[in-house]
file input38.txt (compact mmCIF, C-alpha atoms and all ligand atoms)
# COMPACT_ATOMS: atom_id res chain seq x y z
CA MET E 34 120.51 116.21 110.83
CA ASN E 35 117.82 118.42 109.27
CA VAL E 36 114.88 116.84 107.46
CA PRO E 37 112.80 119.36 105.48
CA PHE E 38 109.04 118.92 105.22
CA PHE E 39 109.40 118.41 101.48
CA ARG E 40 112.10 118.33 98.81
CA PRO E 41 110.96 118.25 95.16
CA SER E 42 112.18 115.32 93.03
CA VAL E 43 113.35 117.01 89.85
CA ALA E 44 115.37 114.59 87.71
CA LYS E 45 117.88 115.47 84.99
CA ALA E 46 115.36 114.18 82.45
CA ASP E 47 112.75 116.63 83.79
CA ILE E 48 115.19 119.52 83.36
CA ALA E 49 116.06 118.36 79.83
CA GLU E 50 112.36 118.44 78.85
CA VAL E 51 111.98 121.99 80.15
CA VAL E 52 115.12 123.10 78.31
CA ALA E 53 113.83 121.49 75.10
CA CYS E 54 110.59 123.44 75.51
CA MET E 55 112.46 126.71 76.07
CA GLU E 56 114.49 126.07 72.94
CA SER E 57 111.44 125.14 70.86
CA GLY E 58 110.23 128.71 70.58
CA TRP E 59 106.78 127.79 72.00
CA LEU E 60 106.38 128.72 75.67
CA THR E 61 102.69 129.05 76.37
CA THR E 62 99.82 126.60 75.77
CA GLY E 63 100.78 124.51 72.77
CA PRO E 64 101.92 121.07 71.65
CA ARG E 65 103.44 120.06 74.99
CA THR E 66 100.28 120.96 76.86
CA LYS E 67 98.28 118.87 74.38
CA ALA E 68 100.68 115.96 74.81
CA PHE E 69 100.51 116.25 78.62
CA GLU E 70 96.71 116.24 78.48
CA GLU E 71 96.64 113.12 76.32
CA ALA E 72 99.18 111.28 78.44
CA PHE E 73 97.38 112.26 81.66
CA ALA E 74 93.93 111.19 80.41
CA ASN E 75 95.46 107.89 79.40
CA PHE E 76 97.21 107.48 82.76
CA VAL E 77 94.03 107.86 84.84
CA GLY E 78 91.69 106.24 82.31
CA ALA E 79 89.55 109.30 81.54
CA LYS E 80 88.31 110.50 78.17
CA HIS E 81 89.30 114.16 78.51
CA ALA E 82 92.00 116.02 80.44
CA ILE E 83 92.28 119.81 80.52
CA ALA E 84 95.59 121.20 81.73
CA LEU E 85 95.28 124.32 83.90
CA ASN E 86 97.39 126.58 86.06
CA SER E 87 96.11 125.15 89.39
CA CYS E 88 93.80 122.64 91.02
CA THR E 89 91.84 125.60 92.35
CA ALA E 90 91.17 126.64 88.74
CA ALA E 91 90.10 123.07 87.94
CA LEU E 92 87.63 123.03 90.84
CA HIS E 93 86.25 126.43 89.81
CA LEU E 94 85.79 125.38 86.17
CA ALA E 95 84.22 122.06 87.19
CA LEU E 96 81.60 123.78 89.35
CA GLU E 97 80.87 126.26 86.57
CA ALA E 98 80.51 123.48 84.03
CA VAL E 99 78.05 121.45 86.13
CA GLY E 100 75.93 124.57 86.49
CA VAL E 101 76.59 125.89 90.00
CA ARG E 102 75.17 129.38 90.31
CA ARG E 103 74.46 131.99 92.98
CA GLY E 104 72.69 130.60 96.04
CA ASP E 105 73.18 126.91 95.13
CA LEU E 106 74.39 124.46 97.77
CA VAL E 107 77.56 122.39 97.39
CA LEU E 108 78.59 119.75 99.94
CA VAL E 109 82.27 120.06 100.92
CA PRO E 110 84.39 118.52 103.69
CA ALA E 111 84.88 120.57 106.86
CA LEU E 112 88.42 119.18 107.05
CA THR E 113 90.06 120.37 103.86
CA PHE E 114 92.25 123.05 102.32
CA ALA E 115 90.85 126.54 101.66
CA ALA E 116 90.49 125.95 97.91
CA THR E 117 87.81 123.23 98.19
CA ALA E 118 85.30 125.63 99.72
CA GLU E 119 86.45 129.00 98.37
CA VAL E 120 85.62 127.97 94.81
CA VAL E 121 81.99 127.58 95.90
CA ARG E 122 82.06 131.13 97.26
CA TYR E 123 83.34 132.40 93.86
CA PHE E 124 79.74 131.89 92.66
CA ASP E 125 78.20 133.37 95.79
CA ALA E 126 76.99 129.80 96.30
CA VAL E 127 76.95 128.10 99.72
CA PRO E 128 79.54 125.52 100.86
CA VAL E 129 77.71 123.07 103.13
CA PHE E 130 80.27 121.47 105.39
CA VAL E 131 80.24 117.73 106.07
CA ASP E 132 82.17 116.13 108.92
CA ALA E 133 85.17 113.83 108.46
CA ASP E 134 85.45 110.06 108.69
CA PRO E 135 87.64 109.48 111.77
CA VAL E 136 89.75 106.80 110.05
CA THR E 137 90.43 108.15 106.55
CA LEU E 138 89.82 111.85 107.43
CA CYS E 139 87.98 112.09 104.09
CA MET E 140 84.36 113.24 103.94
CA ASP E 141 82.17 110.87 105.99
CA PRO E 142 79.55 109.48 103.55
CA ALA E 143 77.05 108.83 106.37
CA ALA E 144 77.34 112.47 107.44
CA ALA E 145 76.97 113.55 103.79
CA ALA E 146 73.81 111.42 103.45
CA GLU E 147 72.37 112.87 106.66
CA THR E 148 73.18 116.45 105.63
CA ALA E 149 71.67 116.02 102.15
CA ALA E 150 68.52 114.43 103.63
CA LYS E 151 68.12 117.32 106.10
CA ILE E 152 68.48 119.84 103.27
CA ARG E 153 65.81 117.98 101.33
CA ARG E 154 63.46 118.11 104.31
CA GLY E 155 64.23 121.81 104.85
CA GLU E 156 65.62 121.14 108.34
CA GLN E 157 67.86 123.72 109.96
CA LEU E 158 71.57 122.93 109.56
CA PRO E 159 74.47 124.67 111.36
CA GLY E 160 75.46 127.89 109.64
CA MET E 161 72.74 127.68 106.98
CA THR E 162 69.92 130.07 106.20
CA LEU E 163 66.46 128.83 105.24
CA PRO E 164 64.96 128.59 102.67
CA TYR E 165 67.70 126.62 100.94
CA GLY E 166 68.73 127.02 97.32
CA PRO E 167 69.09 123.96 95.08
CA MET E 168 71.69 121.35 96.05
CA LYS E 169 73.95 120.94 93.00
CA ALA E 170 77.21 119.18 93.71
CA ILE E 171 79.42 117.36 96.21
CA ILE E 172 83.21 117.75 96.45
CA PRO E 173 84.78 114.74 98.16
CA MET E 174 88.48 115.28 98.86
CA HIS E 175 90.89 112.35 99.05
CA TYR E 176 92.72 113.26 102.27
CA GLY E 177 96.46 112.84 102.06
CA GLY E 178 96.14 110.62 98.99
CA GLN E 179 93.70 107.93 100.19
CA MET E 180 90.47 107.88 98.22
CA VAL E 181 87.12 108.54 99.84
CA ASP E 182 84.52 105.74 100.06
CA VAL E 183 83.59 106.14 96.39
CA ASP E 184 80.56 103.81 96.39
CA ALA E 185 78.94 105.47 99.39
CA ILE E 186 79.54 108.99 98.09
CA THR E 187 78.22 107.99 94.65
CA ALA E 188 75.05 106.64 96.29
CA VAL E 189 74.46 109.98 98.08
CA ALA E 190 75.08 111.90 94.84
CA LYS E 191 72.68 109.67 92.89
CA GLU E 192 69.93 109.93 95.44
CA HIS E 193 70.09 113.73 95.45
CA GLY E 194 71.04 114.37 91.81
CA LEU E 195 74.43 115.88 92.69
CA ALA E 196 77.41 116.20 90.39
CA ILE E 197 80.55 114.68 91.92
CA ILE E 198 83.63 116.90 91.65
CA ASP E 199 86.62 115.13 93.19
CA ASP E 200 89.32 117.20 94.85
CA ALA E 201 92.24 114.90 94.06
CA ALA E 202 94.94 117.47 94.80
CA HIS E 203 96.82 114.84 96.88
CA THR E 204 96.09 111.80 94.87
CA LEU E 205 98.16 110.51 91.98
CA PRO E 206 98.12 107.66 91.48
CA ALA E 207 95.55 106.13 93.84
CA HIS E 208 92.95 103.39 93.56
CA TYR E 209 89.70 102.21 95.08
CA ARG E 210 87.70 99.03 94.74
CA SER E 211 84.26 98.14 95.98
CA SER E 212 85.28 94.72 97.32
CA ALA E 213 88.18 92.29 97.31
CA SER E 214 86.88 90.69 94.11
CA ALA E 215 86.02 93.96 92.30
CA PRO E 216 88.45 95.58 89.85
CA TRP E 217 90.61 98.49 91.01
CA ARG E 218 89.38 101.89 89.82
CA ALA E 219 91.91 104.68 89.35
CA VAL E 220 91.41 108.14 90.80
CA GLY E 221 90.17 110.25 87.91
CA SER E 222 87.73 107.62 86.71
CA THR E 223 85.13 107.69 89.49
CA ALA E 224 83.64 111.23 89.46
CA ASP E 225 81.98 113.59 86.99
CA VAL E 226 85.10 115.74 87.12
CA THR E 227 88.34 115.02 89.01
CA CYS E 228 90.72 117.88 89.82
CA PHE E 229 94.46 117.35 90.36
CA SER E 230 97.18 119.66 91.66
CA PHE E 231 100.76 119.93 90.42
CA TYR E 232 101.82 122.46 93.06
CA ALA E 233 105.50 122.14 94.01
CA ASN E 234 105.02 119.57 96.81
CA LYS E 235 102.38 117.41 95.13
CA CYS E 236 102.72 113.81 93.84
CA ILE E 237 103.95 115.14 90.50
CA THR E 238 104.70 118.80 89.91
CA THR E 239 104.77 121.53 87.30
CA GLY E 240 105.72 124.19 89.90
CA GLU E 241 102.14 125.44 89.85
CA GLY E 242 99.51 123.62 87.82
CA GLY E 243 96.41 121.49 87.74
CA MET E 244 94.31 119.16 85.60
CA ALA E 245 90.57 118.58 85.26
CA VAL E 246 89.58 115.18 83.89
CA THR E 247 86.18 113.92 82.83
CA ASP E 248 84.48 111.35 80.62
CA ARG E 249 81.72 113.79 79.70
CA ASP E 250 82.13 115.62 76.38
CA ASP E 251 79.85 118.50 77.42
CA LEU E 252 81.75 119.23 80.63
CA ALA E 253 85.11 118.96 78.89
CA GLU E 254 84.09 121.40 76.20
CA ARG E 255 82.68 123.92 78.66
CA MET E 256 85.76 123.75 80.91
CA ARG E 257 88.08 124.13 77.94
CA ILE E 258 86.24 127.20 76.67
CA MET E 259 85.98 128.80 80.12
CA SER E 260 89.66 128.14 80.86
CA LEU E 261 90.64 130.62 78.16
CA HIS E 262 88.46 133.75 78.20
CA GLY E 263 85.39 131.92 76.88
CA MET E 264 87.01 131.67 73.46
CA SER E 265 85.50 129.09 71.16
CA LYS E 266 88.95 127.99 69.91
CA ASP E 267 92.22 127.09 71.63
CA ALA E 268 94.62 130.03 71.47
CA TRP E 269 97.53 127.90 70.38
CA LYS E 270 95.61 126.69 67.36
CA ARG E 271 95.03 130.32 66.40
CA PHE E 272 98.75 130.88 66.10
CA THR E 273 99.67 127.77 64.14
CA ALA E 274 99.35 127.01 60.46
CA ARG E 275 96.31 124.87 61.32
CA GLY E 276 94.54 127.65 63.17
CA SER E 277 93.04 130.94 62.13
CA TRP E 278 93.11 134.48 63.49
CA TYR E 279 89.35 134.36 64.04
CA TYR E 280 87.77 133.47 67.39
CA GLU E 281 84.48 134.04 69.10
CA ILE E 282 83.81 134.84 72.74
CA VAL E 283 80.90 132.72 73.86
CA ALA E 284 81.04 133.45 77.60
CA PRO E 285 83.00 135.64 80.05
CA GLY E 286 85.69 133.06 80.80
CA PHE E 287 88.85 132.96 82.89
CA LYS E 288 92.60 132.79 82.25
CA TYR E 289 93.47 129.38 83.61
CA ASN E 290 95.52 127.75 80.81
CA MET E 291 98.74 125.85 81.48
CA THR E 292 101.98 126.93 79.77
CA ASP E 293 104.06 124.55 77.64
CA VAL E 294 106.99 125.22 79.99
CA ALA E 295 104.95 123.77 82.87
CA ALA E 296 103.54 120.98 80.70
CA SER E 297 107.04 119.87 79.64
CA LEU E 298 107.91 119.32 83.30
CA GLY E 299 104.52 117.67 83.86
CA LEU E 300 104.98 115.23 80.98
CA SER E 301 108.33 114.15 82.30
CA GLN E 302 107.08 113.88 85.89
CA LEU E 303 104.04 111.87 84.78
CA GLY E 304 106.41 109.35 83.26
CA ARG E 305 107.93 109.01 86.74
CA ALA E 306 104.64 108.97 88.70
CA ASP E 307 104.82 105.24 89.53
CA GLU E 308 108.48 105.45 90.52
CA LEU E 309 107.76 108.47 92.75
CA LEU E 310 104.81 106.61 94.29
CA ALA E 311 106.95 103.54 95.03
CA ALA E 312 109.43 105.74 96.88
CA ARG E 313 106.67 107.34 99.00
CA VAL E 314 105.13 103.92 99.74
CA SER E 315 108.50 102.75 101.00
CA VAL E 316 108.79 105.75 103.34
CA ALA E 317 105.22 105.23 104.61
CA GLU E 318 105.83 101.53 105.27
CA ARG E 319 108.97 102.31 107.27
CA PHE E 320 107.14 104.99 109.29
CA ILE E 321 104.32 102.57 110.09
CA ALA E 322 106.72 99.80 111.11
CA GLY E 323 108.97 102.18 113.04
CA LEU E 324 106.14 103.77 115.03
CA ARG E 325 104.19 100.55 115.66
CA ASP E 326 105.33 100.37 119.28
CA VAL E 327 104.73 104.04 120.03
CA PRO E 328 101.15 104.12 121.38
CA GLU E 329 101.19 107.93 121.71
CA VAL E 330 101.39 108.28 117.92
CA GLU E 331 98.67 106.76 115.73
CA THR E 332 99.82 106.25 112.16
CA PRO E 333 97.44 106.57 109.17
CA VAL E 334 95.48 103.49 108.16
CA GLU E 335 95.38 102.32 104.55
CA LEU E 336 92.08 100.52 104.09
CA PRO E 337 92.19 97.13 102.30
CA ASN E 338 90.16 98.44 99.34
CA ARG E 339 92.39 101.48 98.72
CA LYS E 340 95.82 102.11 97.27
CA HIS E 341 97.14 105.23 98.95
CA SER E 342 99.27 107.78 97.09
CA TRP E 343 100.96 108.87 100.36
CA HIS E 344 101.16 112.57 99.56
CA LEU E 345 100.78 113.15 103.31
CA PHE E 346 101.67 111.05 106.31
CA ALA E 347 99.41 112.59 108.96
CA VAL E 348 99.76 110.99 112.38
CA GLN E 349 97.29 111.57 115.21
CA LEU E 350 98.79 112.17 118.64
CA ARG E 351 97.19 110.48 121.64
CA LEU E 352 97.14 113.66 123.71
CA ASP E 353 95.63 111.74 126.62
CA LEU E 354 98.91 109.79 126.87
CA LEU E 355 101.22 112.81 126.49
CA ASP E 356 102.18 115.66 128.81
CA ILE E 357 102.63 118.12 125.92
CA ASP E 358 100.25 119.41 123.27
CA ARG E 359 100.58 119.25 119.48
CA SER E 360 102.34 122.64 119.16
CA GLN E 361 104.94 121.62 121.73
CA PHE E 362 105.36 118.28 119.96
CA ILE E 363 106.05 120.07 116.66
CA GLU E 364 108.44 122.49 118.41
CA GLU E 365 110.37 119.54 119.83
CA MET E 366 110.54 117.98 116.36
CA LYS E 367 111.86 121.25 114.97
CA ALA E 368 114.47 121.49 117.73
CA ARG E 369 115.71 118.04 116.65
CA GLY E 370 115.81 118.95 112.97
CA VAL E 371 112.52 117.53 111.70
CA ALA E 372 110.06 119.87 109.98
CA ALA E 373 106.34 119.12 110.31
CA SER E 374 103.05 120.60 109.20
CA VAL E 375 99.33 120.36 110.04
CA HIS E 376 96.55 119.54 107.56
CA TRP E 377 94.35 121.41 108.50
CA LEU E 378 92.55 123.74 110.86
CA PRO E 379 88.98 122.69 109.85
CA LEU E 380 87.33 125.34 107.68
CA HIS E 381 84.38 125.81 110.05
CA LYS E 382 86.91 127.11 112.61
CA GLN E 383 88.53 129.56 110.17
CA PRO E 384 87.63 133.22 110.85
CA TYR E 385 85.99 133.82 107.48
CA TYR E 386 83.59 130.88 107.85
CA VAL E 387 82.92 131.59 111.53
CA GLN E 388 82.08 135.22 110.74
CA THR E 389 80.05 134.48 107.60
CA TYR E 390 78.11 131.43 108.79
CA GLY E 391 78.36 131.56 112.59
CA TYR E 392 79.79 128.08 113.02
CA VAL E 393 80.86 126.76 116.42
CA PRO E 394 83.52 124.02 116.78
CA SER E 395 81.02 121.36 117.86
CA ASP E 396 79.11 121.69 114.55
CA PHE E 397 81.60 119.21 113.03
CA PRO E 398 82.79 117.22 116.04
CA VAL E 399 85.08 114.72 114.30
CA ALA E 400 87.02 117.42 112.43
CA ALA E 401 87.15 119.57 115.57
CA ALA E 402 88.39 116.68 117.74
CA VAL E 403 91.02 115.43 115.30
CA TRP E 404 92.53 118.83 114.52
CA PRO E 405 94.51 119.35 117.79
CA ARG E 406 96.00 115.86 117.32
CA LEU E 407 97.19 116.10 113.72
CA VAL E 408 100.87 116.24 112.75
CA SER E 409 102.01 115.68 109.17
CA LEU E 410 105.48 114.11 109.06
CA PRO E 411 107.84 114.82 106.15
CA ILE E 412 107.34 112.35 103.29
CA PHE E 413 108.85 112.71 99.82
CA PRO E 414 110.44 110.40 97.26
CA SER E 415 114.05 111.52 97.71
CA MET E 416 114.10 110.90 101.49
CA THR E 417 117.24 108.99 102.38
CA ASP E 418 117.26 105.98 104.71
CA GLU E 419 119.00 108.14 107.31
CA GLU E 420 116.30 110.81 107.02
CA VAL E 421 113.51 108.24 107.43
CA GLU E 422 115.27 106.69 110.43
CA HIS E 423 115.87 110.13 111.95
CA VAL E 424 112.17 111.04 111.71
CA VAL E 425 111.13 107.74 113.31
CA ARG E 426 113.72 108.14 116.08
CA VAL E 427 112.79 111.77 116.83
CA VAL E 428 109.03 111.14 116.91
CA GLY E 429 109.48 108.02 119.07
CA ASP E 430 111.90 109.76 121.45
CA ILE E 431 109.61 112.77 121.98
CA ALA E 432 106.66 110.48 122.65
CA ARG E 433 108.62 108.42 125.18
CA GLN E 434 110.08 111.47 126.91
CA HIS E 435 106.65 113.07 127.24
CA ARG E 436 104.72 109.97 128.21
CA LYS E 437 102.18 110.93 130.87
CA LEU E 438 102.97 109.27 134.14
CA GLY E 439 100.37 107.35 136.14
C1 LIG A 501 92.99 119.39 99.22
C2 LIG A 501 93.49 120.48 98.33
N1 LIG A 501 92.68 120.96 97.37
C3 LIG A 501 93.08 121.92 96.52
C4 LIG A 501 94.34 122.46 96.60
C5 LIG A 501 94.71 123.57 95.67
O1 LIG A 501 95.69 123.19 94.78
P1 LIG A 501 96.42 124.31 93.86
O2 LIG A 501 97.44 124.94 94.73
O3 LIG A 501 97.00 123.53 92.72
O4 LIG A 501 95.36 125.25 93.41
C6 LIG A 501 95.22 122.00 97.57
C7 LIG A 501 96.58 122.57 97.68
O5 LIG A 501 97.37 122.27 98.52
C8 LIG A 501 94.79 120.99 98.47
O6 LIG A 501 95.58 120.52 99.45
call {"tool": "encode", "arguments": {"input": "input38.txt", "output": "structure tokens", "more": "lines below"}}
Ligand SMILES: Cc1ncc(COP(=O)(O)O)c(C=O)c1O
result
Amino acid sequence: MNVPFFRPSVAKADIAEVVACMESGWLTTGPRTKAFEEAFANFVGAKHAIALNSCTAALHLALEAVGVRRGDLVLVPALTFAATAEVVRYFDAVPVFVDADPVTLCMDPAAAAETAAKIRRGEQLPGMTLPYGPMKAIIPMHYGGQMVDVDAITAVAKEHGLAIIDDAAHTLPAHYRSSASAPWRAVGSTADVTCFSFYANKCITTGEGGMAVTDRDDLAERMRIMSLHGMSKDAWKRFTARGSWYYEIVAPGFKYNMTDVAASLGLSQLGRADELLAARVSVAERFIAGLRDVPEVETPVELPNRKHSWHLFAVQLRLDLLDIDRSQFIEEMKARGVAASVHWLPLHKQPYYVQTYGYVPSDFPVAAAVWPRLVSLPIFPSMTDEEVEHVVRVVGDIARQHRKLG
């Protein structure tokens, strides 16, 4: 049996929506994009949603809107995807890495607090050049679909006057609450701007796509304008009876708008977001139960005050108990028909960041130590019972066969 790392869940209803869009005569940003934005804002409980062609675009626009400029400092996780930090470099601003929490693998709020305090005091930090520019923003990323410690990150941001831009590429839907008696808060309602991805393997998809959500009118307006060449009016309004041919360019913007073709798929997928989540939760629960008695493989922990979206199921190998390394483990999985992935080589170990900032692995010890142990198992809504059982069997068998003796 072969289990792919991911298989998109495209329903007949999704296809019908795309066909209806194609037949409508309106392909680019238009009524379906508007409808998707409204439905999405409603779904996450935010005032504004701006549909874009990627999460990377959303992160870029969010930083621009909160005023990040050349030389500014932005706190980002060391353990994240390229996009989270590269968008800071778009401004020739400085991504300041923060180490990971060993349990959630999200940004560690204590490390963020320490880093921000050191910047304030002008103390030397790894990879950084004194004197420091102004510290403007923090980009917590919800690793794998489990939200960061929102209260602790918010406290750091408040103390240092930082805008919070959430990288929620993995996270729809997901929830956080401060305590067992506090109300659940949805991802998208806890930051200044929250950025979602609809890339093919994400919780819902538009093929490629993203969304920026915010409660702030000023940020929404700026992001909307900058998403389309800095035009003061939406292009689709220009070409409808309600619009006019006239527009003004108020800033040198970007070309980040979502098409109606993508939005039609997004609208339909959003309607299935809870159903898709329930299917992933079921897979995750069976993985956790099935691997409970395999000490060589630590399964991810869902904290009691979080509701995980289970975009990823990243296990951590106990290499001290195994006679093979992570690469060999993944090769053995592949040989038995199970695809795997790794999220991620920490950014401070990536050649660009090593060469530009001179980082060494020990600068972010948690991220550096966890990286050789990480293996993301396949998890997606259309996984069959047989596929789930096969993954559990293969991972368990490899661990048992490679148990270190003595
Ligand atoms: C954590 C994280 N942030 C941002 C992105 C970028 O998303 P997009 O491909 O929609 O730009 C990804 C993509 O995988 C991601 O994993």
call {"tool": "closest_residue", "arguments": {"input": "input38.txt", "among": "E:Gly304, E:Gly177, E:Gly429, E:Pro398", "to": "ligand LIG 501 (chain A)", "atoms": "all atoms listed in the file"}}
result
E:Gly177
call {"tool": "closest_residue", "arguments": {"input": "input38.txt", "among": "E:Val375, E:Met168, E:Cys54, E:Ala49", "to": "ligand LIG 501 (chain A)", "atoms": "all atoms listed in the file"}}
result
E:Val375
call {"tool": "closest_atom_pairs", "arguments": {"input": "input38.txt", "of": "stretch 272-333 of chain E", "to": "stretch 82-100 of chain E", "cutoff": "12 Å", "atoms": "all atoms listed in the file", "output": "Markdown table"}}
result
| residue | atom | partner | partner_atom | distance |
| --- | --- | --- | --- | --- |
| E:Ala284 | CA | E:Glu97 | CA | 11.5 |
| E:Pro285 | CA | E:Glu97 | CA | 11.6 |
| E:Gly286 | CA | E:Leu94 | CA | 9.4 |
| E:Phe287 | CA | E:Leu94 | CA | 8.8 |
| E:Lys288 | CA | E:Asn86 | CA | 8.7 |
| E:Tyr289 | CA | E:Leu85 | CA | 5.4 |
| E:Asn290 | CA | E:Leu85 | CA | 4.6 |
| E:Met291 | CA | E:Leu85 | CA | 4.5 |
| E:Thr292 | CA | E:Asn86 | CA | 7.8 |
| E:Asp293 | CA | E:Ala84 | CA | 10.0 |
| E:Val294 | CA | E:Asn86 | CA | 11.4 |
| E:Ala295 | CA | E:Asn86 | CA | 8.7 |
| E:Ala296 | CA | E:Ala84 | CA | 8.0 |
| E:Ser297 | CA | E:Ala84 | CA | 11.7 |
| E:Gly299 | CA | E:Ala84 | CA | 9.8 |
| E:Leu300 | CA | E:Ala84 | CA | 11.2 |
call {"tool": "write_last_selection", "arguments": {"input": "input38.txt", "atoms": "C-alpha atoms", "output": "tab-separated table (two decimals), keeping the file's coordinate frame"}}
result
chain	number	residue	atom	x	y	z
E	284	ALA	CA	81.04	133.45	77.60
E	285	PRO	CA	83.00	135.64	80.05
E	286	GLY	CA	85.69	133.06	80.80
E	287	PHE	CA	88.85	132.96	82.89
E	288	LYS	CA	92.60	132.79	82.25
E	289	TYR	CA	93.47	129.38	83.61
E	290	ASN	CA	95.52	127.75	80.81
E	291	MET	CA	98.74	125.85	81.48
E	292	THR	CA	101.98	126.93	79.77
E	293	ASP	CA	104.06	124.55	77.64
E	294	VAL	CA	106.99	125.22	79.99
E	295	ALA	CA	104.95	123.77	82.87
E	296	ALA	CA	103.54	120.98	80.70
E	297	SER	CA	107.04	119.87	79.64
E	299	GLY	CA	104.52	117.67	83.86
E	300	LEU	CA	104.98	115.23	80.98
call {"tool": "closest_residue", "arguments": {"input": "input38.txt", "among": "E:Arg218, E:Lys151, E:Arg103, E:His81", "to": "E:Glu254", "atoms": "only C-alpha atoms"}}
result
E:His81
call {"tool": "residues_near_ligand", "arguments": {"input": "input38.txt", "ligand": "ligand LIG 501 (chain A)", "cutoff": "10 Å", "atoms": "only C-alpha atoms and all ligand atoms", "output": "MDAnalysis selection string"}}
result
chainID E and resid 85:93 110 112:120 173:178 199:204 228:235 238:244 344:345 376:377
call {"tool": "closest_residue", "arguments": {"input": "input38.txt", "among": "E:Leu354, E:Lys437, E:Ile258, E:His381", "to": "E:Val399", "atoms": "all atoms listed in the file"}}
result
E:His381
call {"tool": "closest_residue", "arguments": {"input": "input38.txt", "among": "E:Ala170, E:Ile186, E:Ala196, E:Val421", "to": "E:Ala144", "atoms": "all atoms listed in the file"}}
result
E:Ile186
call {"tool": "residues_around", "arguments": {"input": "input38.txt", "residues": "E:Val226", "least_positions_apart": "5", "cutoff": "7 Å", "atoms": "only C-alpha atoms", "output": "number ranges by chain"}}
result
E: 95, 197-199, 245-247
